[in-house]
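Structure file final_33.txt (compact mmCIF, C-alpha atoms and all ligand atoms) follows.
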```
# COMPACT_ATOMS: atom_id res chain seq x y z
CA MET I 215 0.99 -3.40 -4.89
CA ARG I 216 4.25 -4.68 -6.17
CA GLN I 217 2.50 -4.64 -9.52
CA ALA I 218 5.99 -3.84 -10.78
CA GLY I 219 8.80 -5.81 -9.20
CA ARG I 220 11.13 -8.72 -8.89
CA TYR I 221 8.96 -11.31 -10.69
CA MET I 222 9.68 -9.51 -14.00
CA ASP I 223 13.00 -9.89 -15.87
CA GLU I 224 12.73 -6.31 -17.17
CA TYR I 225 12.64 -5.07 -13.56
CA GLN I 226 15.60 -7.24 -12.54
CA ALA I 227 17.58 -5.84 -15.48
CA ILE I 228 17.14 -2.29 -14.12
CA ARG I 229 17.71 -3.34 -10.49
CA LYS I 230 21.06 -5.01 -11.20
CA ASP I 231 22.76 -1.60 -11.54
CA LEU I 232 21.17 0.17 -8.58
CA SER I 233 19.59 -0.46 -5.18
CA PHE I 234 15.83 -0.40 -4.58
CA LEU I 235 16.15 2.91 -2.74
CA GLU I 236 18.19 4.44 -5.58
CA LEU I 237 15.47 3.29 -7.96
CA CYS I 238 12.77 4.95 -5.81
CA LYS I 239 14.76 8.21 -6.03
CA ASN I 240 15.03 8.17 -9.83
CA PRO I 241 11.66 9.35 -11.28
CA GLU I 242 12.55 8.46 -14.90
CA LEU I 243 13.32 4.86 -13.91
CA CYS I 244 10.29 4.77 -11.55
CA CYS I 245 8.17 5.62 -14.58
CA GLU I 246 9.89 2.98 -16.68
CA VAL I 247 9.36 0.16 -14.15
CA ALA I 248 5.76 1.24 -13.43
CA MET I 249 5.07 0.91 -17.18
CA GLN I 250 6.62 -2.58 -17.43
CA PRO I 251 3.55 -4.52 -16.16
CA ILE I 252 1.17 -2.10 -17.93
CA ASN I 253 2.86 -2.82 -21.26
CA ALA I 254 3.40 -6.52 -20.63
CA PHE I 255 -0.13 -7.34 -19.43
CA GLY I 256 -2.36 -4.56 -20.82
CA LEU I 257 -3.50 -3.39 -17.37
CA GLU I 258 -5.69 -0.30 -17.21
CA THR I 259 -4.49 1.16 -13.90
CA SER I 260 -0.96 1.72 -12.62
CA ILE I 261 0.38 2.50 -9.16
CA VAL I 262 3.27 4.93 -8.88
CA PHE I 263 6.58 3.20 -8.18
CA SER I 264 7.88 4.20 -4.75
CA ASP I 265 7.81 2.88 -1.19
CA ILE I 266 5.82 3.69 1.93
CA LEU I 267 9.04 4.16 3.94
CA LEU I 268 10.43 7.25 2.17
CA PRO I 269 8.75 9.61 4.70
CA ALA I 270 10.42 7.72 7.58
CA GLU I 271 13.81 8.49 6.03
CA ALA I 272 12.81 12.14 5.53
CA MET I 273 11.94 12.36 9.24
CA GLY I 274 15.47 11.29 10.19
CA LEU I 275 15.63 7.49 10.18
CA ASP I 276 18.45 5.64 8.47
CA LEU I 277 16.65 3.46 5.87
CA SER I 278 18.02 0.58 3.81
CA PHE I 279 16.61 -2.48 2.02
CA GLY I 280 18.31 -5.85 2.14
CA ASP I 281 17.33 -9.50 1.65
CA GLY I 282 15.33 -9.43 4.87
CA GLY I 283 13.25 -6.46 3.67
CA PRO I 284 13.40 -2.88 4.99
CA LYS I 285 15.67 -1.87 7.86
CA LEU I 286 15.68 1.32 9.94
CA ALA I 287 18.98 1.43 11.81
CA ASN I 288 17.92 3.97 14.46
CA PRO I 289 14.33 3.03 15.46
CA VAL I 290 12.30 5.31 17.73
CA ARG I 291 11.60 3.81 21.15
CA SER I 292 11.01 6.76 23.50
CA LEU I 293 9.38 10.16 23.75
CA ALA I 294 12.80 11.77 23.29
CA ASP I 295 13.34 9.82 20.04
CA ILE I 296 9.94 10.97 18.80
CA GLU I 297 10.60 14.59 19.71
CA ALA I 298 13.91 14.46 17.82
CA LEU I 299 12.21 13.55 14.51
CA LYS I 300 12.23 16.15 11.73
CA ASP I 301 9.25 17.59 9.89
CA PHE I 302 9.82 17.70 6.14
CA ASP I 303 8.68 19.57 3.06
CA PRO I 304 7.93 16.95 0.37
CA ALA I 305 8.95 19.32 -2.43
CA ILE I 306 12.47 19.40 -0.95
CA ALA I 307 12.97 16.15 0.98
CA THR I 308 10.94 13.66 -1.10
CA PRO I 309 10.35 15.12 -4.58
CA TRP I 310 10.54 11.71 -6.34
CA PRO I 311 7.02 10.24 -6.02
CA ALA I 312 5.32 13.43 -7.27
CA GLU I 313 7.83 13.69 -10.13
CA ALA I 314 7.26 9.99 -10.94
CA VAL I 315 3.48 10.66 -10.95
CA LYS I 316 3.94 13.36 -13.59
CA LEU I 317 6.10 11.18 -15.85
CA THR I 318 3.97 8.04 -15.41
CA LYS I 319 0.73 9.96 -16.08
CA LYS I 320 2.21 11.16 -19.35
CA ALA I 321 3.32 7.64 -20.30
CA LEU I 322 -0.11 6.17 -19.46
CA GLY I 323 -2.01 8.62 -21.67
CA LYS I 324 -5.55 9.72 -21.02
CA ASP I 325 -7.26 6.31 -21.01
CA ARG I 326 -5.35 4.73 -18.13
CA ALA I 327 -5.42 5.82 -14.50
CA LEU I 328 -2.64 6.24 -11.95
CA ILE I 329 -2.82 5.62 -8.20
CA GLY I 330 -0.59 7.56 -5.80
CA PHE I 331 0.01 6.23 -2.28
CA CYS I 332 1.46 6.51 1.18
CA GLY I 333 1.69 4.36 4.28
CA ALA I 334 -0.91 4.98 6.98
CA PRO I 335 0.30 6.64 10.20
CA PHE I 336 0.00 3.43 12.29
CA THR I 337 1.90 1.24 9.82
CA LEU I 338 4.66 3.82 9.41
CA ALA I 339 4.84 4.30 13.19
CA SER I 340 5.26 0.57 13.72
CA TYR I 341 8.06 0.36 11.14
CA MET I 342 9.77 3.32 12.81
CA ILE I 343 9.45 1.68 16.23
CA GLU I 344 10.34 -1.91 15.27
CA GLY I 345 13.08 -0.91 12.80
CA LYS I 346 12.12 -3.81 10.50
CA SER I 347 9.26 -6.12 9.54
CA SER I 348 7.86 -7.87 12.60
CA ARG I 349 5.52 -10.72 13.54
CA GLN I 350 4.45 -9.67 17.01
CA PHE I 351 5.05 -5.88 17.01
CA GLU I 352 6.38 -6.19 20.53
CA ASN I 353 8.10 -2.79 20.67
CA THR I 354 5.07 -1.01 19.22
CA LYS I 355 2.72 -2.67 21.70
CA ARG I 356 5.11 -2.03 24.59
CA LEU I 357 5.07 1.69 23.79
CA MET I 358 1.29 1.58 23.20
CA TRP I 359 0.56 0.21 26.66
CA HIS I 360 3.35 1.99 28.60
CA ASP I 361 3.11 5.41 27.03
CA PRO I 362 0.09 5.80 24.71
CA LYS I 363 0.61 9.58 24.66
CA ALA I 364 4.07 9.12 23.15
CA LEU I 365 2.67 6.83 20.44
CA GLU I 366 -0.09 9.36 19.75
CA LEU I 367 2.51 12.10 19.40
CA LEU I 368 4.33 9.96 16.83
CA LEU I 369 1.06 9.27 14.98
CA ASP I 370 0.22 12.96 15.02
CA ARG I 371 3.62 13.98 13.66
CA LEU I 372 3.37 11.35 10.94
CA THR I 373 -0.13 12.49 9.98
CA GLN I 374 0.97 16.12 9.74
CA ASN I 375 3.85 15.13 7.45
CA LEU I 376 1.89 12.64 5.36
CA ILE I 377 -0.84 15.14 4.43
CA PRO I 378 1.47 17.34 2.29
CA TYR I 379 3.30 14.21 1.04
CA LEU I 380 0.06 12.75 -0.32
CA ARG I 381 -1.23 16.11 -1.55
CA ALA I 382 1.94 16.53 -3.62
CA GLN I 383 1.14 13.30 -5.53
CA ILE I 384 -2.47 14.36 -6.13
CA GLU I 385 -1.41 17.83 -7.26
CA ALA I 386 1.06 16.16 -9.64
CA GLY I 387 -1.84 14.29 -11.27
CA ALA I 388 -2.64 11.06 -9.37
CA ASP I 389 -6.23 10.02 -10.21
CA ALA I 390 -6.77 8.28 -6.86
CA VAL I 391 -4.68 7.57 -3.78
CA GLN I 392 -4.30 4.47 -1.65
CA ILE I 393 -3.35 4.50 2.03
CA PHE I 394 -1.54 1.31 3.09
CA ASP I 395 -2.20 0.24 6.68
CA SER I 396 -0.52 -3.11 6.11
CA TRP I 397 0.13 -3.80 9.79
CA ALA I 398 -2.98 -2.40 11.48
CA GLY I 399 -4.58 -5.87 11.39
CA CYS I 400 -2.48 -6.73 14.47
CA LEU I 401 -4.71 -4.48 16.60
CA GLY I 402 -7.92 -5.40 18.41
CA VAL I 403 -11.03 -3.41 17.52
CA ASP I 404 -10.65 -0.68 20.18
CA ALA I 405 -6.92 -0.21 19.65
CA PHE I 406 -7.57 -0.16 15.89
CA ASP I 407 -9.93 2.79 16.42
CA GLN I 408 -7.55 4.69 18.66
CA PHE I 409 -4.17 4.06 17.03
CA ALA I 410 -4.98 3.36 13.37
CA LEU I 411 -8.39 4.56 12.21
CA ASP I 412 -8.51 7.96 13.93
CA TRP I 413 -5.22 8.91 12.24
CA THR I 414 -6.21 7.56 8.84
CA ARG I 415 -9.42 9.59 9.16
CA LYS I 416 -7.37 12.77 9.80
CA LEU I 417 -5.12 11.99 6.82
CA VAL I 418 -8.16 11.44 4.58
CA ALA I 419 -9.69 14.74 5.78
CA GLY I 420 -6.41 16.48 4.95
CA VAL I 421 -6.69 15.63 1.25
CA ALA I 422 -10.50 15.62 0.88
CA ASP I 423 -10.68 19.09 -0.71
CA LEU I 424 -8.60 17.85 -3.66
CA GLY I 425 -11.51 15.62 -4.68
CA VAL I 426 -9.82 12.36 -5.69
CA PRO I 427 -11.06 8.94 -4.51
CA VAL I 428 -9.23 7.53 -1.50
CA ILE I 429 -8.66 3.77 -1.00
CA TYR I 430 -7.82 2.34 2.45
CA TYR I 431 -5.98 -1.00 2.65
CA VAL I 432 -5.53 -3.08 5.79
CA ASN I 433 -3.96 -6.53 5.71
CA GLY I 434 -5.83 -8.80 8.17
CA CYS I 435 -8.98 -6.65 8.20
CA ASP I 436 -11.88 -9.10 8.64
CA HIS I 437 -12.58 -7.89 12.18
CA VAL I 438 -12.58 -4.18 11.30
CA LEU I 439 -14.44 -3.93 7.96
CA GLU I 440 -17.25 -1.75 9.34
CA GLN I 441 -14.76 0.60 11.00
CA MET I 442 -12.77 0.94 7.76
CA ALA I 443 -15.92 1.64 5.78
CA GLY I 444 -16.88 4.46 8.15
CA CYS I 445 -13.69 6.57 8.07
CA GLY I 446 -14.51 8.75 5.08
CA VAL I 447 -12.83 6.75 2.31
CA ASP I 448 -14.47 5.83 -1.00
CA VAL I 449 -12.96 2.36 -1.33
CA ILE I 450 -11.73 -0.24 1.12
CA SER I 451 -9.07 -2.68 -0.05
CA ILE I 452 -9.22 -6.06 1.68
CA ASP I 453 -6.93 -9.05 2.09
CA TRP I 454 -7.65 -12.58 0.84
CA ARG I 455 -8.77 -14.01 4.19
CA VAL I 456 -12.06 -12.10 4.03
CA ASP I 457 -15.03 -13.93 2.49
CA PRO I 458 -16.07 -11.67 -0.43
CA GLN I 459 -19.81 -12.33 -0.12
CA GLU I 460 -19.70 -11.54 3.57
CA ALA I 461 -17.78 -8.31 2.89
CA VAL I 462 -20.41 -7.24 0.32
CA MET I 463 -23.15 -7.97 2.84
CA ARG I 464 -21.44 -6.12 5.67
CA VAL I 465 -20.21 -2.94 3.94
CA GLY I 466 -21.03 -3.24 0.23
CA GLY I 467 -23.76 -0.61 0.34
CA GLN I 468 -21.44 1.94 1.91
CA VAL I 469 -18.13 1.79 0.03
CA ALA I 470 -16.66 0.22 -3.07
CA ILE I 471 -14.57 -2.86 -2.28
CA GLN I 472 -11.18 -3.61 -3.83
CA GLY I 473 -9.76 -7.09 -3.59
CA ASN I 474 -9.07 -9.76 -2.80
CA MET I 475 -7.48 -12.74 -4.56
CA ASP I 476 -4.69 -14.45 -2.59
CA PRO I 477 -1.42 -13.42 -4.29
CA GLY I 478 -0.28 -16.99 -3.61
CA VAL I 479 -2.68 -18.13 -6.35
CA LEU I 480 -0.27 -16.57 -8.86
CA LEU I 481 2.30 -19.20 -7.89
CA GLY I 482 0.04 -21.83 -9.49
CA PRO I 483 -0.39 -22.79 -13.15
CA PRO I 484 -2.25 -20.31 -15.40
CA GLU I 485 -5.49 -22.31 -15.77
CA VAL I 486 -5.83 -22.81 -12.01
CA ALA I 487 -5.19 -19.12 -11.33
CA VAL I 488 -7.75 -18.06 -13.97
CA ALA I 489 -10.38 -20.33 -12.41
CA GLU I 490 -9.67 -18.78 -8.98
CA PHE I 491 -9.89 -15.31 -10.53
CA GLU I 492 -13.34 -16.10 -12.03
CA LYS I 493 -14.53 -17.39 -8.67
CA ASN I 494 -13.21 -14.34 -6.83
CA VAL I 495 -14.80 -11.78 -9.17
CA ALA I 496 -18.15 -13.59 -9.22
CA ALA I 497 -18.26 -13.48 -5.42
CA PHE I 498 -18.15 -9.66 -5.43
CA GLN I 499 -21.13 -9.18 -7.75
CA GLY I 500 -23.53 -6.58 -6.45
CA ASN I 501 -20.92 -4.22 -5.00
CA PRO I 502 -21.12 -0.90 -6.87
CA GLY I 503 -17.65 0.34 -7.83
CA TYR I 504 -15.97 -3.02 -7.14
CA ILE I 505 -12.29 -3.12 -8.23
CA PHE I 506 -10.46 -6.40 -8.84
CA ASN I 507 -7.11 -6.61 -7.04
CA LEU I 508 -4.92 -9.02 -5.16
CA GLY I 509 -5.24 -9.13 -1.37
CA SER I 510 -1.53 -8.17 -1.05
CA GLY I 511 1.54 -7.68 -3.26
CA VAL I 512 2.59 -9.90 -6.18
CA MET I 513 5.20 -12.34 -4.84
CA GLN I 514 8.62 -12.31 -6.41
CA TRP I 515 8.37 -16.02 -7.36
CA SER I 516 5.17 -15.60 -9.40
CA PRO I 517 5.57 -17.01 -12.95
CA VAL I 518 4.99 -14.23 -15.49
CA GLU I 519 2.78 -16.61 -17.59
CA THR I 520 0.35 -16.93 -14.68
CA VAL I 521 0.21 -13.17 -14.08
CA ALA I 522 -0.36 -12.64 -17.82
CA ALA I 523 -3.16 -15.24 -17.94
CA VAL I 524 -5.04 -13.62 -15.04
CA ALA I 525 -4.58 -10.14 -16.55
CA LYS I 526 -6.02 -11.39 -19.85
CA ALA I 527 -8.98 -13.03 -18.08
CA LEU I 528 -9.55 -9.71 -16.30
CA ARG I 529 -9.52 -7.72 -19.55
CA ASP I 530 -11.91 -10.19 -21.19
CA TRP I 531 -14.23 -10.45 -18.20
CA ARG I 532 -17.90 -9.57 -18.72
CA PRO I 533 -20.75 -9.82 -16.20
CA ARG I 534 -22.77 -13.05 -16.42
CA ASP I 535 -26.49 -13.47 -15.77
O1 LIG C 601 4.35 -1.50 -8.45
C1 LIG C 601 3.93 -1.27 -7.31
O2 LIG C 601 3.09 -1.98 -6.75
C2 LIG C 601 4.34 0.02 -6.63
C3 LIG C 601 5.19 0.04 -5.62
C4 LIG C 601 5.07 -0.45 -4.19
C5 LIG C 601 6.21 -1.01 -3.57
N1 LIG C 601 6.00 -1.03 -2.23
C6 LIG C 601 7.42 -1.42 -4.27
C7 LIG C 601 8.35 -2.37 -3.65
C8 LIG C 601 4.11 -0.23 -3.20
C9 LIG C 601 2.70 0.27 -3.32
C10 LIG C 601 4.74 -0.58 -1.97
C11 LIG C 601 4.11 -0.39 -0.66
C12 LIG C 601 4.74 -0.98 0.53
N2 LIG C 601 6.07 -1.00 0.86
C13 LIG C 601 4.02 -1.55 1.58
C14 LIG C 601 2.52 -1.62 1.65
C15 LIG C 601 2.00 -2.77 0.89
C16 LIG C 601 2.17 -4.11 1.54
O3 LIG C 601 2.98 -4.90 1.03
O4 LIG C 601 1.51 -4.35 2.55
C17 LIG C 601 4.95 -1.99 2.54
C18 LIG C 601 4.64 -2.72 3.83
C19 LIG C 601 6.24 -1.62 2.08
C20 LIG C 601 7.54 -1.84 2.76
C21 LIG C 601 8.35 -2.80 1.97
N3 LIG C 601 9.01 -2.47 0.81
C22 LIG C 601 8.55 -4.19 2.21
C23 LIG C 601 7.96 -4.96 3.37
C24 LIG C 601 9.38 -4.67 1.18
C25 LIG C 601 9.94 -6.06 1.00
C26 LIG C 601 8.91 -6.79 0.18
C27 LIG C 601 9.36 -8.14 -0.33
O5 LIG C 601 8.67 -8.64 -1.24
O6 LIG C 601 10.38 -8.68 0.11
C28 LIG C 601 9.63 -3.59 0.30
C29 LIG C 601 10.41 -3.64 -0.92
C30 LIG C 601 9.69 -3.37 -2.18
N4 LIG C 601 8.71 -2.42 -2.34
C31 LIG C 601 9.96 -3.98 -3.45
C32 LIG C 601 9.14 -3.34 -4.38
C33 LIG C 601 9.10 -3.53 -5.86
C34 LIG C 601 11.02 -5.04 -3.73
C35 LIG C 601 12.31 -4.27 -3.81
C36 LIG C 601 13.48 -4.90 -4.56
O7 LIG C 601 14.28 -5.61 -3.92
O8 LIG C 601 13.63 -4.63 -5.76
```
Please express the file's structure as structure tokens.
Ligand code: CP3
Amino acid sequence: MRQAGRYMDEYQAIRKDLSFLELCKNPELCCEVAMQPINAFGLETSIVFSDILLPAEAMGLDLSFGDGGPKLANPVRSLADIEALKDFDPAIATPWPAEAVKLTKKALGKDRALIGFCGAPFTLASYMIEGKSSRQFENTKRLMWHDPKALELLLDRLTQNLIPYLRAQIEAGADAVQIFDSWAGCLGVDAFDQFALDWTRKLVAGVADLGVPVIYYVNGCDHVLEQMAGCGVDVISIDWRVDPQEAVMRVGGQVAIQGNMDPGVLLGPPEVAVAEFEKNVAAFQGNPGYIFNLGSGVMQWSPVETVAAVAKALRDWRPRD
């Protein structure tokens, strides 16, 4: 995530003439920026360039991105707000990610894979309720404990809209899809089941017939690994706070694991980051289908030399005895 982005000069050059949201709505440029890290670092898998918040805009929220991150000017706080949301047809309201999938697939050729994505219902619901990034999720939790039925209605409406949104990317050619539940780590184990996992499970079931692997990411997931592994996905994507060897022991026989180097490591010098990379990969040995990844997005301050050094170490990596 944020494989493409602000740490690259080529990206900044494109972004100086248009906003992030305008970029997300321009499939040709989405393809171009998705290819920037692939070409610069020789990576073998790309993720479509888009954002998890496009469906929130399509359902009627006023979305913008500024220095403080995303902003939704008219957050939903009540049952009436939730009932007033629109359902959308992705082919009409959000055609860009599927179109970007087609163009990026073509640019990648047959030897490199492309991941499509969407936000998970809980994470999108919390953005729509808070109206911005949050530390404590106070509005979401207030609604959760005052009116759980209203929150469940929001989660249900999101799930029903996200199924066709994700299907459109798979039908356009995505080789796998990733569901980002970036904020679900703020929930205790029971609330995670009720307000995050049950809805992710429904979303996964809604695309299962299309037969592509599904990856489920939760930031702050150490306490819910077993639950994640049991929701019908093929891969779980974990953050950097989880001990890799423990994760392999707990769920490694059940799902492939993707992760989990701290993106902060990329702020260090190349040789230090490569040593951390080697350590991280070695700790996952024995997990069938393991995929190397960062535990969250590349930070905008990451030196390109460090990213390039880790990508080269990854390409050159071979199992050791
Ligand atoms: O190359 C890629 O990785 C693909 C694109 C991608 C972006 N966002 C681009 C982006 C993906 C997969 C996402 C997912 C996303 N978006 C998530 C889930 C992943 C995670 O980080 O947990 C979330 C929570 C969002 C919402 C969002 N979008 C936030 C919180 C921000 C601000 C991030 C920051 O670093 O300040 C964005 C903006 C965003 N999304 C940028 C990019 C390249 C930076 C936009 C810019 O100013 O140019």
Compile the contact shell of Arg216 in chain I as a CSV table (one decimal) with C-alpha atoms, in the coordinates of the input: residues with an atom at most 6 Å away, counting only C-alpha atoms, same-chain residues fewer than 3 positions apart removed.
```
chain,number,residue,atom,x,y,z
I,219,GLY,CA,8.8,-5.8,-9.2
I,511,GLY,CA,1.5,-7.7,-3.3
I,512,VAL,CA,2.6,-9.9,-6.2
```
Problem - Residues near range 423-425 of chain I, cut-off 8 Å, all atoms listed in the file, skip fewer than 2 positions along chain, as a list in words - result: Arg381, Ile384, Ala419, Gly420, Val421 and Pro427 of chain I
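Considering all atoms listed in the file, the residue among I:Trp515, I:Phe406, I:Trp413, I:Tyr504 positioned nearest to ligand LIG 601 (chain C) is I:Trp515.
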Using 6 Å as the limit and counting all atoms listed in the file, can you tabulate each residue of chain I that touches ligand LIG 601 (chain C), with its shortest atom-to-atom distance in Å and the two atoms involved, as a Markdown table?
```
| residue | atom | partner | partner_atom | distance |
| --- | --- | --- | --- | --- |
| I:Met215 | CA | C:LIG601 | O2 | 3.1 |
| I:Arg216 | CA | C:LIG601 | O2 | 3.0 |
| I:Gln217 | CA | C:LIG601 | O1 | 3.8 |
| I:Ala218 | CA | C:LIG601 | O1 | 3.7 |
| I:Gly219 | CA | C:LIG601 | C33 | 4.1 |
| I:Arg220 | CA | C:LIG601 | O8 | 5.7 |
| I:Phe234 | CA | C:LIG601 | O8 | 4.9 |
| I:Ala248 | CA | C:LIG601 | O1 | 5.9 |
| I:Ile261 | CA | C:LIG601 | C2 | 5.3 |
| I:Val262 | CA | C:LIG601 | C2 | 5.5 |
| I:Phe263 | CA | C:LIG601 | C2 | 4.2 |
| I:Ser264 | CA | C:LIG601 | C3 | 5.0 |
| I:Asp265 | CA | C:LIG601 | N1 | 4.4 |
| I:Ile266 | CA | C:LIG601 | N2 | 4.8 |
| I:Gly283 | CA | C:LIG601 | C25 | 4.3 |
| I:Pro284 | CA | C:LIG601 | C22 | 5.7 |
| I:Phe394 | CA | C:LIG601 | C14 | 5.2 |
| I:Ser396 | CA | C:LIG601 | O4 | 4.3 |
| I:Ser510 | CA | C:LIG601 | O3 | 5.9 |
| I:Gly511 | CA | C:LIG601 | O3 | 5.3 |
```
Find the nearest atom pair between each residue of range 427-501 of chain I and range 317-335 of chain I for residues within 10 Å, count only C-alpha atoms, give distances in Å to one decimal, sort rows by chain and ascending number, and present the table as a tab-separated table.
```
residue	atom	partner	partner_atom	distance
I:Pro427	CA	I:Ile329	CA	9.6
I:Val428	CA	I:Phe331	CA	9.4
I:Ile429	CA	I:Phe331	CA	9.1
I:Tyr430	CA	I:Ala334	CA	8.7
I:Tyr431	CA	I:Ala334	CA	9.0
I:Val432	CA	I:Ala334	CA	9.4
```
Work out where the centre of an axis-aligned box around every listed atom of range 467-479 of chain I lies and how long its edges are once 4 Å is added on each side; give both in Å to one decimal as JSON.
```
{"center_x": -12.0, "center_y": -8.1, "center_z": -2.2, "size_x": 31.5, "size_y": 28.1, "size_z": 16.3}
```
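Close contacts of Pro477 in chain I, defined as residues with an atom at most 9 Å away when counting only C-alpha atoms, with chain neighbours fewer than 2 positions off set aside, comprise I:Trp454, I:Asn474, I:Met475, I:Val479, I:Leu480, I:Leu481, I:Leu508, I:Gly509, I:Ser510, I:Gly511, I:Val512, I:Met513, I:Ser516.
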Exercise for the section: Could you check how far CA of Asp295 in chain I sits from CA of Ala312 in chain I, in Å to one decimal? Expected result: 28.7 Å
Practice task
Extract, using only C-alpha atoms, all DNA, RNA and protein residues at most 12 Å from Leu365 in chain I, discarding same-chain residues fewer than 2 positions from it, and format them as JSON, numbers by chain.
Solution key: {"I": [290, 291, 292, 293, 294, 295, 296, 297, 335, 336, 338, 339, 340, 342, 343, 353, 354, 355, 356, 357, 358, 359, 360, 361, 362, 363, 367, 368, 369, 370, 371, 372, 405, 408, 409, 410, 413]}
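Shortest atom-to-atom contact with Gly274 in chain I among I:Ala254, I:Ala443, I:Leu299, I:Val426: I:Leu299, counting only C-alpha atoms.
Take CA of Ala227 in chain I and CA of Leu243 in chain I: the distance between them is 11.6 Å.
Here CA of Val524 in chain I and CA of Arg229 in chain I stand 25.4 Å from one another.
Closest to Asp457 in chain I among I:Asp476, I:Glu492, I:Glu344, I:Asp404 is I:Asp476, based on all atoms listed in the file.
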Completion exercise
Using all atoms listed in the file, the shortest atom-to-atom distance to Asp453 in chain I among I:Gly399, I:Asn375, I:Pro502, I:Gln468 belongs to I:Gly399
Handout entry: Protein and nucleic acid residues near (-15.6, -1.4, -4.4) (cut-off 7 Å, all atoms listed in the file) as a PyMOL selection string
Key = chain I and resi 449-450+469-472+501-505
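Proximity to Leu235 in chain I was assessed for I:Ala398, I:Met442, I:Ile252, I:Leu277 counting all atoms listed in the file; the smallest distance is recorded for I:Leu277.
By chain and then residue number, the residues within 9 Å of Ala525 in chain I are I:Phe255, I:Gly256, I:Leu257, I:Val488, I:Thr520, I:Val521, I:Ala522, I:Ala523, I:Ala527, I:Leu528, I:Arg529, I:Asp530, counting all atoms listed in the file and disregarding those fewer than 2 positions away in sequence.
Counting all atoms listed in the file, the residue from I:Ile393, I:Ala382, I:Cys400, I:Leu286 that sits nearest to Glu313 in chain I is I:Ala382.
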